[in-house]
>>> print(open('structure-v7.txt').read())   # compact mmCIF, C-alpha atoms
# COMPACT_ATOMS: atom_id res chain seq x y z
CA MET A 1 13.18 -9.35 19.24
CA LEU A 2 13.43 -6.31 16.94
CA ALA A 3 16.84 -5.62 18.52
CA TRP A 4 18.13 -8.69 16.64
CA PHE A 5 17.86 -6.82 13.36
CA THR A 6 19.81 -3.87 14.77
CA GLN A 7 22.50 -6.25 16.00
CA LEU A 8 22.62 -7.96 12.59
CA ALA A 9 23.11 -4.59 10.87
CA ASP A 10 25.80 -3.64 13.44
CA LEU A 11 27.66 -6.89 12.75
CA LEU A 12 27.51 -6.63 8.96
CA ILE A 13 28.11 -2.91 8.48
CA TYR A 14 30.22 -1.77 11.41
CA ASP A 15 32.13 -4.94 12.35
CA LEU A 16 32.58 -6.87 9.07
CA LEU A 17 32.67 -3.95 6.61
CA GLY A 18 34.34 -1.63 9.09
CA LEU A 19 32.26 1.43 8.19
CA SER A 20 31.90 4.19 10.74
CA SER A 21 28.53 4.78 12.36
CA GLN A 22 29.14 8.49 11.80
CA SER A 23 29.64 8.23 8.04
CA ALA A 24 26.84 8.75 5.52
CA ALA A 25 27.53 5.40 3.85
CA GLY A 26 27.59 3.61 7.19
CA GLN A 27 24.30 5.11 8.33
CA ALA A 28 22.62 4.45 4.98
CA LEU A 29 23.75 0.82 4.73
CA HIS A 30 22.93 0.17 8.38
CA PHE A 31 19.40 1.52 7.82
CA PHE A 32 19.08 -0.59 4.65
CA VAL A 33 20.19 -3.87 6.26
CA GLU A 34 18.21 -3.35 9.46
CA ASP A 35 14.95 -2.34 7.78
CA THR A 36 15.16 -4.86 4.94
CA SER A 37 15.78 -7.82 7.24
CA LYS A 38 13.12 -6.61 9.68
CA ILE A 39 10.46 -6.03 7.01
CA PHE A 40 11.18 -9.31 5.21
CA ALA A 41 10.85 -11.26 8.47
CA LEU A 42 7.64 -9.44 9.40
CA LEU A 43 6.24 -9.96 5.90
CA LEU A 44 6.82 -13.71 5.88
CA VAL A 45 5.23 -14.21 9.30
CA MET A 46 2.33 -11.81 8.78
CA ILE A 47 1.40 -12.92 5.28
CA TYR A 48 1.27 -16.53 6.41
CA LEU A 49 -0.85 -15.81 9.50
CA ILE A 50 -3.24 -13.54 7.62
CA GLY A 51 -3.43 -16.02 4.74
CA TRP A 52 -4.33 -18.78 7.16
CA LEU A 53 -7.10 -16.65 8.70
CA ARG A 54 -8.59 -15.62 5.36
CA ALA A 55 -8.11 -19.01 3.71
CA ALA A 56 -11.82 -19.47 3.15
CA LEU A 57 -12.56 -15.95 1.91
CA ASN A 58 -14.66 -16.19 -1.25
CA VAL A 59 -14.21 -13.09 -3.41
CA GLU A 60 -17.20 -13.98 -5.58
CA ARG A 61 -19.48 -14.27 -2.54
CA VAL A 62 -18.27 -10.89 -1.26
CA ARG A 63 -19.01 -9.41 -4.69
CA ASP A 64 -22.51 -10.88 -4.67
CA TYR A 65 -23.10 -9.71 -1.12
CA LEU A 66 -22.22 -6.12 -2.08
CA ALA A 67 -24.55 -6.20 -5.09
CA GLY A 68 -27.71 -5.88 -3.03
CA LYS A 69 -26.61 -3.33 -0.44
CA PRO A 70 -27.69 0.33 -0.07
CA LYS A 71 -25.10 2.68 -1.51
CA LEU A 72 -23.99 4.33 1.73
CA LEU A 73 -23.37 0.96 3.38
CA GLY A 74 -21.91 -0.27 0.11
CA TYR A 75 -19.27 2.48 0.05
CA GLY A 76 -18.10 1.44 3.51
CA LEU A 77 -18.13 -2.25 2.64
CA GLY A 78 -16.35 -1.66 -0.69
CA ALA A 79 -13.63 0.43 0.96
CA GLY A 80 -13.36 -2.05 3.82
CA PHE A 81 -12.99 -4.96 1.41
CA GLY A 82 -10.33 -3.00 -0.45
CA ALA A 83 -8.47 -2.46 2.83
CA ILE A 84 -8.36 -6.15 3.80
CA THR A 85 -7.37 -7.58 0.42
CA PRO A 86 -3.72 -7.55 -0.68
CA PHE A 87 -4.39 -6.37 -4.26
CA CYS A 88 -2.16 -3.97 -6.14
CA SER A 89 -3.65 -1.83 -8.90
CA CYS A 90 -3.01 -4.40 -11.64
CA SER A 91 -4.63 -7.27 -9.76
CA SER A 92 -7.53 -5.04 -8.67
CA ILE A 93 -8.69 -4.61 -12.26
CA PRO A 94 -10.03 -8.19 -12.70
CA VAL A 95 -11.92 -7.76 -9.43
CA PHE A 96 -13.21 -4.40 -10.72
CA LEU A 97 -14.59 -6.19 -13.79
CA GLY A 98 -16.13 -8.85 -11.57
CA PHE A 99 -17.89 -6.17 -9.53
CA THR A 100 -19.24 -4.42 -12.61
CA THR A 101 -20.44 -7.76 -14.00
CA ALA A 102 -22.44 -8.24 -10.79
CA GLY A 103 -24.18 -4.89 -11.36
CA ILE A 104 -22.64 -3.27 -8.28
CA PRO A 105 -22.89 0.56 -8.56
CA VAL A 106 -19.73 2.08 -9.96
CA GLY A 107 -19.26 4.23 -6.85
CA ILE A 108 -19.07 1.17 -4.60
CA THR A 109 -16.69 -0.49 -7.03
CA MET A 110 -14.54 2.66 -7.13
CA ALA A 111 -14.49 2.81 -3.31
CA PHE A 112 -12.90 -0.65 -3.48
CA LEU A 113 -10.52 0.31 -6.30
CA LEU A 114 -9.37 3.51 -4.56
CA THR A 115 -8.79 1.86 -1.19
CA SER A 116 -7.26 -1.42 -2.34
CA PRO A 117 -3.82 -0.14 -3.40
CA LEU A 118 -3.62 2.32 -0.51
CA ILE A 119 -4.25 -0.13 2.30
CA ASN A 120 -3.77 -3.82 2.90
CA GLU A 121 -3.49 -5.90 6.02
CA VAL A 122 0.24 -6.49 5.59
CA ALA A 123 0.94 -2.77 5.22
CA ILE A 124 -1.19 -2.01 8.28
CA LEU A 125 0.71 -4.52 10.41
CA LEU A 126 4.06 -3.24 9.14
CA LEU A 127 3.04 0.34 9.90
CA PHE A 128 1.99 -0.68 13.39
CA SER A 129 5.27 -2.54 13.97
CA LEU A 130 7.48 0.27 12.68
CA LEU A 131 5.60 3.47 13.53
CA GLY A 132 2.99 2.68 16.15
CA ALA A 133 -0.78 2.71 16.53
CA LYS A 134 -1.45 6.44 16.02
CA ILE A 135 0.08 6.75 12.55
CA THR A 136 -1.36 3.38 11.53
CA LEU A 137 -4.86 4.46 12.53
CA LEU A 138 -4.54 7.83 10.78
CA TYR A 139 -3.26 6.22 7.57
CA THR A 140 -6.00 3.58 7.57
CA LEU A 141 -8.89 5.93 8.33
CA THR A 142 -7.63 8.43 5.75
CA GLY A 143 -7.41 5.78 3.04
CA ILE A 144 -10.89 4.41 3.76
CA THR A 145 -12.39 7.92 3.91
CA ILE A 146 -10.85 8.84 0.54
CA GLY A 147 -12.24 5.63 -0.95
CA MET A 148 -15.76 6.20 0.38
CA LEU A 149 -15.98 9.90 -0.54
CA GLY A 150 -14.46 9.27 -3.96
CA GLY A 151 -16.96 6.49 -4.64
CA ALA A 152 -19.90 8.66 -3.57
CA LEU A 153 -18.78 11.55 -5.79
CA LEU A 154 -18.32 9.29 -8.82
CA ASP A 155 -21.80 7.86 -8.30
CA LEU A 156 -23.25 11.38 -8.18
CA LEU A 157 -21.56 12.12 -11.50
CA HIS A 158 -22.83 8.84 -13.03
CA ALA A 159 -19.29 7.73 -13.79
CA GLU A 160 -20.52 4.47 -15.38
CA ARG A 161 -21.03 6.40 -18.65
CA TRP A 162 -17.24 6.83 -18.90
CA LEU A 163 -16.28 3.17 -18.62
CA GLN A 164 -14.59 1.42 -21.51
CA PRO A 165 -17.07 -0.62 -23.63
CA LEU A 166 -15.96 -3.92 -22.06
CA ALA A 167 -16.62 -2.70 -18.51
CA ALA A 168 -19.72 -0.68 -19.48
CA ASN A 169 -21.38 -3.66 -21.20
CA ALA A 170 -20.56 -5.89 -18.24
CA TYR A 171 -22.07 -3.33 -15.87
CA ARG A 172 -25.29 -2.99 -17.89
CA ARG A 173 -25.75 -6.75 -18.06
CA GLY A 174 -25.08 -7.10 -14.36
CA ALA A 175 -27.43 -4.26 -13.42
CA THR A 176 -30.22 -5.86 -15.46
CA GLN A 177 -29.69 -9.23 -13.85
CA THR A 178 -29.56 -7.68 -10.38
CA GLN A 179 -32.89 -5.90 -10.88
CA THR A 180 -34.65 -9.09 -11.99
CA SER A 181 -33.11 -11.46 -9.45
CA THR A 182 -34.07 -12.07 -5.86
CA SER A 183 -32.04 -10.71 -2.97
CA MET A 184 -28.68 -12.43 -2.60
CA SER A 185 -29.23 -12.69 1.12
CA ASP A 186 -31.90 -15.30 0.48
CA THR A 187 -29.36 -17.63 -1.12
CA TYR A 188 -27.08 -18.05 1.86
CA THR A 189 -27.32 -21.27 3.80
CA PRO A 190 -27.73 -21.26 7.60
CA GLY A 191 -24.48 -20.94 9.49
CA GLU A 192 -22.59 -19.43 6.56
CA SER A 193 -21.05 -15.98 6.86
CA PRO A 194 -22.56 -13.33 4.57
CA LEU A 195 -19.04 -12.43 3.48
CA GLY A 196 -18.34 -15.90 2.17
CA ILE A 197 -16.18 -16.98 5.09
CA ASN A 198 -17.18 -20.47 6.17
CA PRO A 199 -14.75 -21.53 8.93
CA PRO A 200 -15.62 -25.26 8.88
CA GLY A 201 -15.19 -25.37 5.09
CA MET A 202 -11.42 -25.93 5.02
CA SER A 203 -9.25 -28.32 6.98
CA TRP A 204 -6.17 -27.15 8.88
CA ARG A 205 -3.99 -28.76 6.23
CA GLN A 206 -5.82 -26.93 3.44
CA ARG A 207 -5.50 -23.63 5.28
CA HIS A 208 -1.77 -24.22 5.74
CA GLN A 209 -1.39 -24.96 2.03
CA PHE A 210 -3.39 -21.86 1.09
CA ALA A 211 -1.39 -19.67 3.50
CA LYS A 212 1.91 -21.06 2.22
CA GLU A 213 0.98 -20.38 -1.42
CA GLU A 214 -0.31 -16.93 -0.45
CA THR A 215 2.98 -16.20 1.30
CA PHE A 216 5.10 -17.13 -1.71
CA THR A 217 2.80 -15.29 -4.14
CA ILE A 218 2.53 -12.02 -2.22
CA PHE A 219 6.15 -12.00 -1.07
CA GLY A 220 7.27 -12.63 -4.65
CA ARG A 221 5.21 -9.65 -5.75
CA VAL A 222 6.32 -7.14 -3.11
CA TRP A 223 9.94 -7.95 -2.21
CA LYS A 224 11.41 -5.77 -4.97
CA TRP A 225 9.29 -2.83 -3.86
CA VAL A 226 10.55 -3.29 -0.32
CA ILE A 227 14.14 -3.18 -1.62
CA ILE A 228 13.41 -0.02 -3.63
CA GLY A 229 11.50 1.62 -0.78
CA VAL A 230 14.16 0.82 1.82
CA GLY A 231 16.85 1.94 -0.60
CA ILE A 232 15.21 5.35 -1.01
CA GLY A 233 14.68 5.55 2.73
CA ALA A 234 18.33 4.63 3.36
CA ALA A 235 19.53 7.33 0.96
CA LEU A 236 17.36 9.91 2.71
CA HIS A 237 18.55 8.66 6.09
CA GLY A 238 22.26 8.60 5.30
CA PHE A 239 22.96 11.19 2.61
CA VAL A 240 20.43 13.97 3.18
CA PRO A 241 22.02 16.30 5.74
CA ALA A 242 20.52 16.05 9.19
CA GLY A 243 17.89 18.71 9.66
CA TYR A 244 17.71 19.65 5.94
CA LEU A 245 14.22 18.30 5.31
CA GLU A 246 13.01 19.45 8.70
CA ALA A 247 14.33 22.96 8.05
CA ASN A 248 12.69 23.16 4.63
CA LEU A 249 9.49 21.19 5.21
CA GLY A 250 9.24 20.86 8.96
CA ASP A 251 6.89 23.81 9.41
CA GLY A 252 4.33 22.21 7.10
CA GLN A 253 4.31 25.09 4.63
CA TRP A 254 1.11 25.08 2.56
CA TRP A 255 3.00 24.56 -0.70
CA SER A 256 4.93 21.55 0.61
CA VAL A 257 1.87 19.28 0.46
CA PRO A 258 0.89 19.81 -3.21
CA ILE A 259 4.57 19.56 -4.18
CA ALA A 260 4.85 16.27 -2.28
CA VAL A 261 1.74 14.97 -4.08
CA LEU A 262 3.13 15.97 -7.49
CA MET A 263 6.51 14.39 -6.69
CA GLY A 264 4.82 11.07 -6.03
CA ILE A 265 3.07 10.89 -9.43
CA PRO A 266 6.02 9.70 -11.59
CA LEU A 267 6.93 7.07 -9.02
CA TYR A 268 5.29 3.73 -8.33
CA ALA A 269 5.25 1.56 -5.23
CA ASN A 270 2.71 -0.52 -3.41
CA ALA A 271 1.62 0.20 0.15
CA THR A 272 4.16 -2.25 1.58
CA GLY A 273 7.13 -0.83 -0.32
CA VAL A 274 6.36 2.79 0.48
CA ILE A 275 6.35 2.30 4.26
CA PRO A 276 10.17 2.47 4.64
CA VAL A 277 10.11 5.79 2.76
CA LEU A 278 7.35 7.02 5.05
CA GLU A 279 9.41 5.98 8.08
CA SER A 280 12.54 7.73 6.82
CA LEU A 281 10.72 10.98 5.96
CA LEU A 282 9.19 11.12 9.43
CA ILE A 283 12.60 10.47 11.01
CA GLN A 284 13.99 13.38 8.94
CA GLY A 285 11.35 15.67 10.43
CA VAL A 286 8.91 15.96 7.52
CA PRO A 287 5.40 16.60 8.90
CA LEU A 288 2.96 13.71 8.96
CA GLY A 289 0.48 15.26 6.51
CA THR A 290 3.16 16.03 3.92
CA THR A 291 4.63 12.53 4.29
CA LEU A 292 1.31 10.73 3.94
CA ALA A 293 0.34 12.90 0.96
CA PHE A 294 3.56 11.92 -0.84
CA CYS A 295 3.25 8.23 -0.01
CA MET A 296 -0.43 7.97 -0.98
CA SER A 297 0.25 9.78 -4.25
CA THR A 298 3.06 7.32 -5.00
CA VAL A 299 0.80 4.34 -4.34
CA ALA A 300 -2.54 5.42 -5.83
CA ALA A 301 -1.96 8.27 -8.30
CA SER A 302 1.13 7.14 -10.19
CA PHE A 303 1.36 7.07 -13.99
CA PRO A 304 1.88 3.27 -14.15
CA GLU A 305 -1.37 2.67 -12.29
CA PHE A 306 -3.34 4.93 -14.60
CA VAL A 307 -1.92 3.18 -17.64
CA MET A 308 -3.36 -0.04 -16.21
CA LEU A 309 -6.70 1.57 -15.41
CA LYS A 310 -7.02 2.72 -19.04
CA GLN A 311 -8.11 -0.87 -19.72
CA VAL A 312 -11.43 -0.26 -17.97
CA MET A 313 -11.90 3.55 -18.01
CA GLN A 314 -12.14 6.24 -20.67
CA TRP A 315 -9.81 9.23 -20.54
CA ARG A 316 -12.52 11.47 -19.07
CA LEU A 317 -13.01 9.19 -16.08
CA LEU A 318 -9.26 8.74 -15.66
CA ALA A 319 -8.76 12.51 -15.62
CA LEU A 320 -11.58 12.95 -13.12
CA LEU A 321 -10.19 10.19 -10.90
CA PHE A 322 -6.69 11.66 -11.14
CA ALA A 323 -7.87 15.15 -10.14
CA LEU A 324 -10.00 13.70 -7.35
CA LEU A 325 -7.04 11.88 -5.84
CA LEU A 326 -4.70 14.87 -6.08
CA VAL A 327 -7.24 17.14 -4.38
CA ALA A 328 -8.05 14.52 -1.72
CA PHE A 329 -4.38 13.88 -0.87
CA THR A 330 -3.61 17.60 -0.74
CA LEU A 331 -6.57 18.38 1.52
CA MET A 332 -5.73 15.42 3.74
CA GLY A 333 -2.11 16.58 4.03
CA TRP A 334 -3.13 20.12 4.95
CA VAL A 335 -5.60 18.94 7.60
CA LEU A 336 -3.15 16.49 9.20
CA ASN A 337 -0.36 19.08 9.22
CA LEU A 338 -2.67 21.60 10.83
CA VAL A 339 -3.75 19.14 13.51
CA THR A 340 -0.36 17.59 14.26
CA ILE A 341 1.83 20.72 14.03
CA SER A 342 -0.55 23.01 15.94
CA GLY A 343 -1.14 20.24 18.47
>>> encode(input="structure-v7.txt", output="structure tokens")
Amino acid sequence: MLAWFTQLADLLIYDLLGLSSQSAAGQALHFFVEDTSKIFALLLVMIYLIGWLRAALNVERVRDYLAGKPKLLGYGLGAGFGAITPFCSCSSIPVFLGFTTAGIPVGITMAFLLTSPLINEVAILLLFSLLGAKITLLYTLTGITIGMLGGALLDLLHAERWLQPLAANAYRRGATQTQTSTSMSDTYTPGESPLGINPPGMSWRQRHQFAKEETFTIFGRVWKWVIIGVGIGAALHGFVPAGYLEANLGDGQWWSVPIAVLMGIPLYANATGVIPVLESLLIQGVPLGTTLAFCMSTVAASFPEFVMLKQVMQWRLLALLFALLLVAFTLMGWVLNLVTISG
């Protein structure tokens, strides 16, 4: 089936436009048409199917469920929830405020906030379709680990003292209510999932309607980032001389990882849009650790995201979070390069 998209690109670029498959423009445009059509088709199908499956997911119930959990389990649940929800940084902020209002420890909330832009189910399925199970698993586990460790560190530093007044007041009220209330687990009715998923609660028609609206909403939010990401990937694929990146970065030099992280900071893309860039860098021979460090920095440590986060965090917490992410991505890149190149 994926061969259809290659044939479509062949028809449009080589047959109709008459460009040579050996030319830089021909290779770049062929990559752009093939990957854009393939990713758009995968997005539409995957978003609908995933939307249908998670049609009855109740974010408020998940928030309440997390409120009463031990911190170590909470870090894993917060990061896991961040990984299965298609939130970008801007849409994560209202959920962040909802978590703080519920009195959930800031570390658990930050585990969610760190993981949410890095990973989502659509990006995971796209990664699997384009690059296979190994890279998908490495990317997912790395993102969740960064979220959990970052949340634990911020809890140790009592990061709640550096929230903006709006978020800090909400957290204090929520913490007080949580301490005086009974366990949330006692409020669930028999047969209902603790994560707020109640399969009999929605009809097939309602699930279809939810999935359709989810498809239009998410696709409308990410399509431009796919275009930008594929465009950058196409430029790398067609106009960067073959072997250039591999010759300069292919040995996984120690300095290549921090440079890749710093290069990603001024940029902005979500996890879906950055995947074509990831694919193109790997094709060009850039080591896996360097590539993932760049892509994660672009998604989670960009200036636009931190401007948004200023709504709920003071500068001290933003600076700490920024440094934490840069160090985490650099260390992750070094470790993955060491494992993959030496292996």
>>> closest_residue(input="structure-v7.txt", among="A:Thr6, A:Thr36, A:Gly143, A:Leu153", to="Ile232 of chain A", atoms="only C-alpha atoms")
A:Thr36
>>> residues_around(input="structure-v7.txt", residues="Phe329 of chain A", least_positions_apart="6", cutoff="8 Å", atoms="only C-alpha atoms", output="list of chain:residue names")
A:Val261, A:Ala293, A:Met296, A:Ser297
>>> closest_residue(input="structure-v7.txt", among="A:Ile39, A:Met46, A:Leu137, A:Leu336", to="Gly273 of chain A", atoms="all atoms listed in the file")
A:Ile39
>>> atom_distance(input="structure-v7.txt", atom1="atom CA of Val45 of chain A", atom2="atom CA of Lys212 of chain A")
10.4 Å
